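Quick notes on the structure that follows.
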Protein chains: 2
Amino acid sequence: MTTTKVATKGKERSRKNDPARVKADIMRVATREFSEKGLSGARIDEIAEKTKTSKRMIYYYFKDKETLYLSALERSYQQVRQQEGELELDHLEPIDALSKLVAFTFEHHVKNPDFIRMVMIENIHHGRFIEQSDLIQSLNAGAVDELQKVYRRGLAADQFRPGLEALELHWLISALSFFNVSNRYTFSRIFNWDQNAASNQEKLASHVIDMVLRYVVKPELMAE
Amino acid sequence: MTTTKVATKGKERSRKNDPARVKADIMRVATREFSEKGLSGARIDEIAEKTKTSKRMIYYYFKDKETLYLSALERSYQQVRQQEGELELDHLEPIDALSKLVAFTFEHHVKNPDFIRMVMIENIHHGRFIEQSDLIQSLNAGAVDELQKVYRRGLAADQFRPGLEALELHWLISALSFFNVSNRYTFSRIFNWDQNAASNQEKLASHVIDMVLRYVVKPELMAE
DNA sequence: TTTATAATGTACGAAATGGTACGTTCAGTC
DNA sequence: GACTGAACGTACCATTTCGTACATTATAAA
């Protein structure tokens, strides 16, 4: 009884080669698994199972587990950076632009918890994999540019305090936005405070935005 | 040829029971291993090797790997909270007290990277273990009290802005301090910026302190 | 001294896990 | 249609890894 001749489901009877699809499918599943369980926690067998293809193909396209992980990490960065283009700030007043930028960053992190988890995991590994990736490096190089532009406009309009570095500002904004996703569980538990509740998320978002504005905008313009 | 009678090294000839020491030794090693490699990454065999005792004893005192992990997590929180007592703020003016509190928190995180990593790892696990721990919950319950006291004094002295919650302030300070340790590797790599360099650490610390002060202290008092 | 229990060491087992050997089918080229 | 390399599936292997069975020694109480 040959298995190849008899179509069990009636629809597809024989194999169909579709490398791009197979590869993308593996990447999709692998990213989810790694982001959920980490490099050592994720299981190749489980990834294979959740794929439409087989374990064999994972090793065919990605030489080993670590290579697959690095690919998933790169994919995560790629996807996230892609979404960031849409932001249009040039037509806004500096203060509004900065406000919108911070709000967007905060929201953006909330919408991409899998990405945050990948970054956390990578930091647990001392950034050993991101070090090897020129792709990620190049993807993110310009991430501060938008902020830089806004800050310069604010300085020119005499609305921002001088002496700040765009990179350091970006660090502060990132810290506040990242922590909101990365430390949800422990913070909620320790203080018996549902950080994820909509009302608390609103509070935090507005704190973060306000905090950055108060740090950057000249005090005399903050009297709203 | 019995092994127990002949002392090979001359000093100790027979076994010595020291449960407390053995247990503490296991905990010490386990904490380091889990914090370095995570729950799934750490190996019981490796922990056993680095211990003065054997794997058998790990299972004797801690029923399984997850229980050992939870114990290590609790130990981490315990040790860290212990160091926090020393802070004396009551004799300082509110602004100075807040400044010192933030500086201390920032430094405290820098000094305890292993703890930070444990918290990161626990969040990767969706806080599944910390949920079970009433110990950790109770340990941290009062972590906001100091801040609460300072904030109230600042309000009474008419130096702080009203309307802020101590818990939310604590969240902001934690976020900035935590991120500084948790995301060192990725941030440094992505922006080709040595976040760990002493000069940059100084900059970040002063940014964080200044940022919190500007957020809390009444603007008219910030003109230093 | 006997005795009971706690503490410890050695060796091993069963399952999980990363990775591969080997064979087959697909799809484009001559 | 024959040929060839890419794409794919199945079965399997070697090792790792968590956990335990079993035996032995220490220690304190009776």
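In the structure tokens, each chain is lettered A, B, ... as it comes, each chain's residues begin at 1, and ligands are numbered from 1 in order of appearance.
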Extract the full set of alpha helix (DSSP H) residues from segment 20-210 of chain A according to DSSP on the backbone, and format it as a ChimeraX atom specification. /A:20-41,44-50,55-61,65-83,94-111,113-124,134-140,145-156,166-182,184-190,198-210
What residues in chain A lie within 8 Å of chain D, counting only C-alpha atoms (C1' of nucleotides), written as a list in words?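 The selection requested is Asn17, Pro19, Ser54, Arg56 and Met57 of chain A.
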Please produce a file of those selected residues containing C-alpha atoms, as an mmCIF file, in the first residue's frame.
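What landed in out19.cif:
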```
data_model
loop_
_atom_site.group_PDB
_atom_site.id
_atom_site.type_symbol
_atom_site.label_atom_id
_atom_site.label_comp_id
_atom_site.auth_asym_id
_atom_site.auth_seq_id
_atom_site.Cartn_x
_atom_site.Cartn_y
_atom_site.Cartn_z
ATOM 1 C CA ASN A 17 7.689 22.513 -3.559
ATOM 2 C CA PRO A 19 10.683 26.919 -0.483
ATOM 3 C CA SER A 54 9.179 18.664 9.152
ATOM 4 C CA ARG A 56 14.327 17.962 8.483
ATOM 5 C CA MET A 57 13.539 21.234 6.762
#
```
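The shell of residues at most 6 Å from segment 25-35 of chain A, with only C-alpha atoms (C1' of nucleotides) counted and near chain neighbours (fewer than 4 positions) removed, consists of Arg21, Leu39, Ala42, Ile47, Ala72, Asp114, Arg117 and Met118 of chain A.
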Atoms to include: N, CA and C atoms. Write the selected residues as an mmCIF file, in the first residue's frame.
```cif
data_model
loop_
_atom_site.group_PDB
_atom_site.id
_atom_site.type_symbol
_atom_site.label_atom_id
_atom_site.label_comp_id
_atom_site.auth_asym_id
_atom_site.auth_seq_id
_atom_site.Cartn_x
_atom_site.Cartn_y
_atom_site.Cartn_z
ATOM 1 N N ARG A 21 7.644 29.627 1.095
ATOM 2 C CA ARG A 21 6.570 29.427 2.058
ATOM 3 C C ARG A 21 7.046 28.584 3.250
ATOM 4 N N LEU A 39 15.937 30.649 24.125
ATOM 5 C CA LEU A 39 16.761 29.798 23.264
ATOM 6 C C LEU A 39 16.828 28.374 23.800
ATOM 7 N N ALA A 42 13.040 26.666 24.142
ATOM 8 C CA ALA A 42 12.339 26.249 22.925
ATOM 9 C C ALA A 42 12.851 24.894 22.464
ATOM 10 N N ILE A 47 8.851 23.044 17.576
ATOM 11 C CA ILE A 47 8.773 23.967 16.450
ATOM 12 C C ILE A 47 8.387 23.193 15.198
ATOM 13 N N ALA A 72 15.471 34.260 13.811
ATOM 14 C CA ALA A 72 14.224 34.717 14.436
ATOM 15 C C ALA A 72 14.425 36.088 15.077
ATOM 16 N N ASP A 114 6.115 40.260 21.875
ATOM 17 C CA ASP A 114 7.026 39.200 21.438
ATOM 18 C C ASP A 114 8.407 39.749 21.133
ATOM 19 N N ARG A 117 10.171 40.479 24.347
ATOM 20 C CA ARG A 117 10.670 39.246 24.950
ATOM 21 C C ARG A 117 11.939 38.766 24.259
ATOM 22 N N MET A 118 11.985 38.887 22.953
ATOM 23 C CA MET A 118 13.197 38.492 22.239
ATOM 24 C C MET A 118 14.389 39.336 22.697
#
```
Within 7 Å of chain B, which residues of chain A show up? Give each one with its shortest atom-to-atom distance in Å (one decimal) and the two atoms involved, counting only C-alpha atoms, rows by chain then rising residue number, as JSON lines.
```
{"residue": "A:Ser40", "atom": "CA", "partner": "B:Gly41", "partner_atom": "CA", "distance": 5.2}
{"residue": "A:Gly41", "atom": "CA", "partner": "B:Ser40", "partner_atom": "CA", "distance": 5.2}
{"residue": "A:Arg117", "atom": "CA", "partner": "B:Ile124", "partner_atom": "CA", "distance": 6.8}
{"residue": "A:Met120", "atom": "CA", "partner": "B:Met120", "partner_atom": "CA", "distance": 7.0}
{"residue": "A:Asn123", "atom": "CA", "partner": "B:Tyr185", "partner_atom": "CA", "distance": 5.8}
{"residue": "A:Ile124", "atom": "CA", "partner": "B:Arg117", "partner_atom": "CA", "distance": 6.8}
{"residue": "A:His126", "atom": "CA", "partner": "B:Tyr185", "partner_atom": "CA", "distance": 5.9}
{"residue": "A:Gly127", "atom": "CA", "partner": "B:Tyr185", "partner_atom": "CA", "distance": 5.1}
{"residue": "A:Glu131", "atom": "CA", "partner": "B:Arg189", "partner_atom": "CA", "distance": 6.6}
{"residue": "A:Gln137", "atom": "CA", "partner": "B:Ile190", "partner_atom": "CA", "distance": 5.1}
{"residue": "A:Asn140", "atom": "CA", "partner": "B:Ile190", "partner_atom": "CA", "distance": 6.2}
{"residue": "A:Ala141", "atom": "CA", "partner": "B:Phe191", "partner_atom": "CA", "distance": 6.2}
{"residue": "A:Leu172", "atom": "CA", "partner": "B:Leu176", "partner_atom": "CA", "distance": 6.9}
{"residue": "A:Ala175", "atom": "CA", "partner": "B:Phe179", "partner_atom": "CA", "distance": 5.3}
{"residue": "A:Leu176", "atom": "CA", "partner": "B:Ala175", "partner_atom": "CA", "distance": 5.5}
{"residue": "A:Phe179", "atom": "CA", "partner": "B:Ala175", "partner_atom": "CA", "distance": 5.3}
{"residue": "A:Ser182", "atom": "CA", "partner": "B:Asn123", "partner_atom": "CA", "distance": 6.8}
{"residue": "A:Asn183", "atom": "CA", "partner": "B:Asn123", "partner_atom": "CA", "distance": 6.0}
{"residue": "A:Tyr185", "atom": "CA", "partner": "B:Gly127", "partner_atom": "CA", "distance": 5.1}
{"residue": "A:Thr186", "atom": "CA", "partner": "B:Gly127", "partner_atom": "CA", "distance": 5.8}
{"residue": "A:Arg189", "atom": "CA", "partner": "B:Glu131", "partner_atom": "CA", "distance": 6.6}
{"residue": "A:Ile190", "atom": "CA", "partner": "B:Gln137", "partner_atom": "CA", "distance": 5.1}
{"residue": "A:Phe191", "atom": "CA", "partner": "B:Ala141", "partner_atom": "CA", "distance": 6.2}
{"residue": "A:Met211", "atom": "CA", "partner": "B:Tyr215", "partner_atom": "CA", "distance": 5.7}
{"residue": "A:Arg214", "atom": "CA", "partner": "B:Tyr215", "partner_atom": "CA", "distance": 6.3}
{"residue": "A:Tyr215", "atom": "CA", "partner": "B:Met211", "partner_atom": "CA", "distance": 5.7}
{"residue": "A:Pro219", "atom": "CA", "partner": "B:Pro219", "partner_atom": "CA", "distance": 6.3}
```
Based on the selection just made, write C-alpha atoms of those residues as a short mmCIF file (atom, residue, chain, number, x, y, z; two decimals), in the first residue's frame.
```cif
data_model
loop_
_atom_site.label_atom_id
_atom_site.label_comp_id
_atom_site.auth_asym_id
_atom_site.auth_seq_id
_atom_site.Cartn_x
_atom_site.Cartn_y
_atom_site.Cartn_z
CA SER A 40 17.26 26.89 25.62
CA GLY A 41 13.59 26.54 26.49
CA ARG A 117 10.67 39.25 24.95
CA MET A 120 15.04 40.38 26.95
CA ASN A 123 20.17 40.34 26.89
CA ILE A 124 20.09 37.26 29.07
CA HIS A 126 24.74 38.91 26.98
CA GLY A 127 23.90 40.02 23.46
CA GLU A 131 26.78 41.00 18.15
CA GLN A 137 22.93 46.89 13.60
CA ASN A 140 18.53 50.33 13.94
CA ALA A 141 21.24 52.78 13.18
CA LEU A 172 15.18 57.43 28.60
CA ALA A 175 13.62 52.57 29.26
CA LEU A 176 10.18 53.74 30.31
CA PHE A 179 9.91 48.33 31.30
CA SER A 182 9.13 43.60 30.19
CA ASN A 183 8.35 43.76 33.89
CA TYR A 185 4.36 40.30 35.74
CA THR A 186 6.75 40.88 38.59
CA ARG A 189 2.57 40.72 41.59
CA ILE A 190 4.89 42.47 44.02
CA PHE A 191 2.70 45.49 44.52
CA MET A 211 7.84 63.10 32.38
CA ARG A 214 8.95 68.14 31.57
CA TYR A 215 12.51 67.01 31.10
CA PRO A 219 9.85 74.94 32.31
#
```
Taking only C-alpha atoms (C1' of nucleotides) into account and nothing else, which residues of chain A lie no more than 12 Å away from chain C? Please answer as a VMD selection string. chain A and resid 4 14 to 19 40 to 46 55 to 56 58 to 60 63 to 66
